[in-house]
>>> print(open('input.tsv').read())   # TSV, C-alpha atoms
chain	number	residue	atom	x	y	z
A	1	MET	CA	-107.14	43.72	26.72
A	2	ASN	CA	-108.68	40.27	27.42
A	3	GLY	CA	-105.69	39.12	29.52
A	4	LYS	CA	-103.19	38.83	26.64
A	5	THR	CA	-99.90	40.67	26.42
A	6	LEU	CA	-99.25	43.03	23.54
A	7	GLU	CA	-96.91	40.51	21.93
A	8	GLU	CA	-99.51	37.72	22.18
A	9	THR	CA	-102.14	39.98	20.66
A	10	ALA	CA	-99.80	41.03	17.83
A	11	TRP	CA	-98.83	37.40	17.13
A	12	ALA	CA	-102.50	36.32	17.14
A	13	ALA	CA	-103.37	39.13	14.72
A	14	THR	CA	-100.67	38.08	12.27
A	15	THR	CA	-101.65	34.40	12.35
A	16	GLU	CA	-105.40	35.01	12.37
A	17	ASN	CA	-107.51	34.35	9.28
A	18	PRO	CA	-107.99	37.72	7.47
A	19	SER	CA	-111.79	37.42	7.44
A	20	ASP	CA	-111.78	36.59	11.16
A	21	ARG	CA	-109.52	39.56	11.85
A	22	LEU	CA	-111.79	41.89	9.90
A	23	ALA	CA	-114.85	40.52	11.72
A	24	SER	CA	-113.05	41.05	15.02
A	25	LEU	CA	-112.20	44.64	14.06
A	26	PHE	CA	-115.81	45.23	13.08
A	27	ASP	CA	-117.18	43.79	16.33
A	28	ARG	CA	-114.82	45.83	18.50
A	29	HIS	CA	-114.96	49.18	16.74
A	30	TYR	CA	-118.19	49.52	14.74
A	31	THR	CA	-120.19	51.29	17.45
A	32	ARG	CA	-117.48	53.87	18.14
A	33	LEU	CA	-116.88	54.52	14.45
A	34	TYR	CA	-120.59	54.81	13.69
A	35	ARG	CA	-121.08	57.27	16.55
A	36	LEU	CA	-118.22	59.40	15.26
A	37	ALA	CA	-119.44	59.15	11.66
A	38	ARG	CA	-122.96	60.11	12.71
A	39	ARG	CA	-121.59	63.32	14.19
A	40	MET	CA	-119.64	64.07	11.02
A	41	CYS	CA	-122.44	63.29	8.55
A	42	PRO	CA	-125.79	65.00	8.10
A	43	ASN	CA	-127.78	61.73	8.18
A	44	ALA	CA	-127.58	58.10	9.29
A	45	ASP	CA	-127.27	56.69	5.76
A	46	GLU	CA	-124.16	58.74	5.00
A	47	ALA	CA	-122.71	57.77	8.38
A	48	ARG	CA	-123.23	54.06	7.64
A	49	ASP	CA	-121.65	54.51	4.21
A	50	LEU	CA	-118.66	56.24	5.79
A	51	VAL	CA	-118.15	53.42	8.29
A	52	GLN	CA	-118.52	50.87	5.50
A	53	GLU	CA	-115.89	52.69	3.45
A	54	THR	CA	-113.60	52.70	6.49
A	55	PHE	CA	-113.90	48.94	6.91
A	56	LEU	CA	-113.41	48.40	3.16
A	57	LYS	CA	-110.14	50.31	3.40
A	58	ALA	CA	-109.20	48.24	6.45
A	59	ALA	CA	-109.92	45.04	4.52
A	60	ARG	CA	-107.69	46.18	1.66
A	61	ARG	CA	-104.85	47.10	4.04
A	62	LEU	CA	-105.36	44.56	6.82
A	63	PRO	CA	-101.64	43.90	7.39
A	64	SER	CA	-101.07	47.62	8.09
A	65	VAL	CA	-103.74	47.75	10.82
A	66	PRO	CA	-101.97	47.72	14.22
A	67	ALA	CA	-102.47	44.56	16.25
A	68	ASP	CA	-103.32	46.16	19.61
A	69	THR	CA	-106.86	47.38	20.32
A	70	ARG	CA	-105.87	51.01	20.99
A	71	GLY	CA	-103.74	51.13	17.83
A	72	GLU	CA	-106.56	49.56	15.80
A	73	GLU	CA	-109.02	52.18	16.99
A	74	ALA	CA	-106.65	55.07	16.27
A	75	TRP	CA	-105.92	53.68	12.79
A	76	LEU	CA	-109.62	53.20	11.99
A	77	VAL	CA	-110.58	56.65	13.33
A	78	ARG	CA	-107.84	58.25	11.25
A	79	VAL	CA	-109.05	56.42	8.12
A	80	LEU	CA	-112.66	57.44	8.84
A	81	VAL	CA	-111.75	61.11	9.41
A	82	ASN	CA	-109.54	61.25	6.31
A	83	THR	CA	-112.23	59.59	4.20
A	84	ARG	CA	-114.78	62.13	5.42
A	85	ARG	CA	-112.36	64.99	4.74
A	86	ASP	CA	-111.99	63.72	1.17
A	87	GLN	CA	-115.78	63.62	0.84
A	88	TRP	CA	-116.05	67.19	2.14
A	89	ARG	CA	-113.47	68.34	-0.39
A	90	MET	CA	-115.39	66.69	-3.24
A	91	GLN	CA	-118.66	68.21	-2.03
A	92	SER	CA	-117.02	71.62	-1.86
A	93	VAL	CA	-115.77	71.34	-5.44
A	94	ARG	CA	-119.18	70.17	-6.67
A	95	ARG	CA	-120.91	73.01	-4.80
A	96	ARG	CA	-118.58	75.60	-6.35
A	97	HIS	CA	-119.22	74.18	-9.83
A	98	ARG	CA	-122.98	74.14	-9.24
A	99	GLU	CA	-122.91	77.75	-8.00
A	100	ALA	CA	-120.81	78.80	-10.98
A	101	GLU	CA	-123.33	77.17	-13.32
A	102	LEU	CA	-126.12	79.16	-11.66
A	103	GLY	CA	-124.15	82.27	-12.54
A	104	ASN	CA	-124.61	84.15	-9.31
A	105	GLY	CA	-121.92	82.46	-7.25
A	106	ARG	CA	-124.22	82.23	-4.21
A	107	PRO	CA	-125.90	79.13	-2.80
A	108	VAL	CA	-129.61	78.66	-3.35
A	109	ALA	CA	-131.54	79.97	-0.34
A	110	GLU	CA	-133.28	77.49	1.94
A	111	PRO	CA	-137.06	77.82	2.29
A	112	ARG	CA	-138.12	80.02	5.22
A	113	ASP	CA	-141.32	78.17	6.21
A	114	GLU	CA	-139.70	75.36	8.26
A	115	GLU	CA	-139.65	75.21	12.04
A	116	ALA	CA	-137.13	77.42	13.80
A	117	ALA	CA	-135.28	74.43	15.26
A	118	LEU	CA	-134.80	72.83	11.86
A	119	ILE	CA	-133.63	76.13	10.41
A	120	LEU	CA	-131.13	76.58	13.22
A	121	ARG	CA	-129.81	73.02	12.83
A	122	THR	CA	-129.48	73.47	9.08
A	123	SER	CA	-127.68	76.78	9.59
A	124	ILE	CA	-125.23	75.25	12.01
A	125	TRP	CA	-124.58	72.30	9.71
A	126	GLN	CA	-124.02	74.63	6.75
A	127	ALA	CA	-121.58	76.68	8.82
A	128	VAL	CA	-119.71	73.51	9.81
A	129	GLU	CA	-119.59	72.37	6.16
A	130	ARG	CA	-117.92	75.65	5.18
A	131	LEU	CA	-114.96	74.98	7.46
A	132	PRO	CA	-111.83	73.59	5.80
A	133	PRO	CA	-111.80	69.76	6.07
A	134	ARG	CA	-109.06	69.43	8.71
A	135	ARG	CA	-110.56	72.17	10.86
A	136	ARG	CA	-114.03	70.68	10.48
A	137	ALA	CA	-112.79	67.25	11.59
A	138	ILE	CA	-111.09	68.75	14.65
A	139	VAL	CA	-114.17	70.78	15.63
A	140	VAL	CA	-116.40	67.71	15.30
A	141	LEU	CA	-114.02	65.52	17.30
A	142	SER	CA	-113.74	68.14	20.04
A	143	GLU	CA	-117.20	69.66	20.27
A	144	LEU	CA	-119.39	66.72	19.32
A	145	GLU	CA	-117.30	63.71	20.31
A	146	GLY	CA	-115.87	65.37	23.42
A	147	LEU	CA	-112.28	64.31	22.76
A	148	ARG	CA	-109.43	66.17	24.44
A	149	ASP	CA	-106.84	68.01	22.34
A	150	SER	CA	-104.22	65.37	23.10
A	151	GLU	CA	-106.54	62.57	21.92
A	152	ILE	CA	-107.33	64.42	18.69
A	153	ALA	CA	-103.63	65.08	18.09
A	154	SER	CA	-102.87	61.38	18.57
A	155	LEU	CA	-105.70	60.23	16.31
A	156	LEU	CA	-104.89	62.66	13.50
A	157	GLY	CA	-101.11	62.46	13.82
A	158	MET	CA	-100.46	66.13	14.52
A	159	HIS	CA	-99.17	68.32	17.33
A	160	GLN	CA	-101.48	69.38	20.12
A	161	VAL	CA	-100.68	73.04	19.41
A	162	THR	CA	-101.92	72.58	15.84
A	163	VAL	CA	-105.14	70.99	17.12
A	164	ARG	CA	-105.74	73.91	19.51
A	165	TRP	CA	-105.08	76.43	16.73
A	166	HIS	CA	-107.53	74.72	14.34
A	167	LEU	CA	-110.10	74.46	17.12
A	168	ARG	CA	-109.80	78.15	17.96
A	169	MET	CA	-109.99	79.16	14.29
A	170	GLY	CA	-112.91	76.78	13.69
A	171	ARG	CA	-114.88	78.25	16.57
A	172	ARG	CA	-114.15	81.75	15.29
A	173	ASP	CA	-115.25	80.83	11.75
A	174	LEU	CA	-118.45	79.21	13.04
A	175	ASN	CA	-119.22	82.28	15.12
A	176	ILE	CA	-118.75	84.58	12.12
A	177	ALA	CA	-120.85	82.35	9.83
A	178	LEU	CA	-123.69	82.01	12.33
A	179	ARG	CA	-123.71	85.74	13.12
A	180	ALA	CA	-123.90	86.49	9.39
A	181	HIS	CA	-126.73	84.00	8.97
A	182	MET	CA	-128.63	85.37	11.95
A	183	GLY	CA	-128.22	88.88	10.57
A	184	ASP	CA	-129.56	87.74	7.18
A	185	SER	CA	-132.57	86.02	8.73
A	186	HIS	CA	-133.42	89.03	10.94
A	187	GLU	CA	-133.18	91.40	7.99
A	188	LYS	CA	-135.49	89.25	5.83
A	189	SER	CA	-138.12	88.74	8.55
>>> encode(input="input.tsv", output="structure tokens")
Amino acid sequence: MNGKTLEETAWAATTENPSDRLASLFDRHYTRLYRLARRMCPNADEARDLVQETFLKAARRLPSVPADTRGEEAWLVRVLVNTRRDQWRMQSVRRRHREAELGNGRPVAEPRDEEAALILRTSIWQAVERLPPRRRAIVVLSELEGLRDSEIASLLGMHQVTVRWHLRMGRRDLNIALRAHMGDSHEKS
């Protein structure tokens, strides 16, 4: 922590100019947040938008951002994950309405003429998107970000047992979804 005690860092954060504090937050945490967002979003543009939304929320609630670097990161990660969970919920609602409008209640099939790698990646992403938001966030943090259960529990403010349960259920759900997809693609070939 740049040689300052926790108290000195907290005092500096409270006396610092708000725009300087936000710039400091951005400089210290942008790369980590973008990397996490990139793993939670299907493309780079959505990841950048998610990080931007996270920093906008930080700017609006700057006094509530902890003054120490570790606390700042945990606070920002929690805001990013919760924002993405909200986006997933909205996408889920929109998808259900769109499917209901189509009348058949089933998603529109993807074209079959793409490369096998792209099809597999799309299938995995679709399976991940079908997970409930909290479970999806935990699976992404664990499997793609490589965080330990204790780190995820700390970041999301839940018990480690709950994280392990969601992780186990998420893996099970992904397995079921991918097996079903693989069965569908083999039957149609």
>>> closest_residue(input="input.tsv", among="A:Arg134, A:Leu174, A:Gly157, A:Pro42", to="Thr122 of chain A", atoms="all atoms listed in the file")
A:Pro42
>>> atom_distance(input="input.tsv", atom1="atom CA of Ala58 of chain A", atom2="atom CA of Leu22 of chain A")
7.7 Å
>>> atom_distance(input="input.tsv", atom1="atom CA of Phe55 of chain A", atom2="atom CA of Leu36 of chain A")
14.1 Å
>>> closest_residue(input="input.tsv", among="A:Val77, A:Leu120, A:Leu144, A:Ala153", to="Arg32 of chain A", atoms="all atoms listed in the file")
A:Val77
>>> atom_distance(input="input.tsv", atom1="atom CA of Arg172 of chain A", atom2="atom CA of Leu155 of chain A")
23.1 Å
>>> closest_residue(input="input.tsv", among="A:Arg61, A:Asn43, A:Ala137, A:Pro132", to="Thr83 of chain A", atoms="all atoms listed in the file")
A:Ala137
>>> closest_residue(input="input.tsv", among="A:Arg148, A:Lys57, A:Arg136, A:Arg130", to="Leu178 of chain A", atoms="all atoms listed in the file")
A:Arg130
>>> closest_residue(input="input.tsv", among="A:Ile152, A:Leu167, A:Val51, A:Leu131", to="Ser92 of chain A", atoms="all atoms listed in the file")
A:Leu131
>>> residues_around(input="input.tsv", residues="segment 23-28 of chain A", least_positions_apart="2", cutoff="10 Å", atoms="all atoms listed in the file", output="list in words")
Ala13, Asn17, Pro18, Ser19, Asp20, Arg21, Tyr30, Thr31, Arg32, Leu33, Val51, Gln52, Phe55, Ala58, Ala59, Leu62, Val65, Ala67, Thr69, Glu72, Glu73 and Leu76 of chain A
>>> residues_around(input="input.tsv", residues="Met158 of chain A", least_positions_apart="6", cutoff="12 Å", atoms="all atoms listed in the file", output="ChimeraX atom specification")
/A:78,134,138,149-152,164-166
>>> residues_around(input="input.tsv", residues="Leu50 of chain A", least_positions_apart="3", cutoff="7 Å", atoms="only C-alpha atoms", output="PDB file with C-alpha atoms, keeping the file's coordinate frame")
ATOM      1  CA  ALA A  37    -119.440  59.150  11.660  1.00  0.00           C
ATOM      2  CA  GLU A  46    -124.160  58.740   5.000  1.00  0.00           C
ATOM      3  CA  ALA A  47    -122.710  57.770   8.380  1.00  0.00           C
ATOM      4  CA  GLU A  53    -115.890  52.690   3.450  1.00  0.00           C
ATOM      5  CA  THR A  54    -113.600  52.700   6.490  1.00  0.00           C
ATOM      6  CA  LEU A  80    -112.660  57.440   8.840  1.00  0.00           C
TER       7      LEU A  80
END
>>> closest_residue(input="input.tsv", among="A:Ile176, A:Pro66, A:Val81, A:Gly71", to="Leu156 of chain A", atoms="all atoms listed in the file")
A:Val81
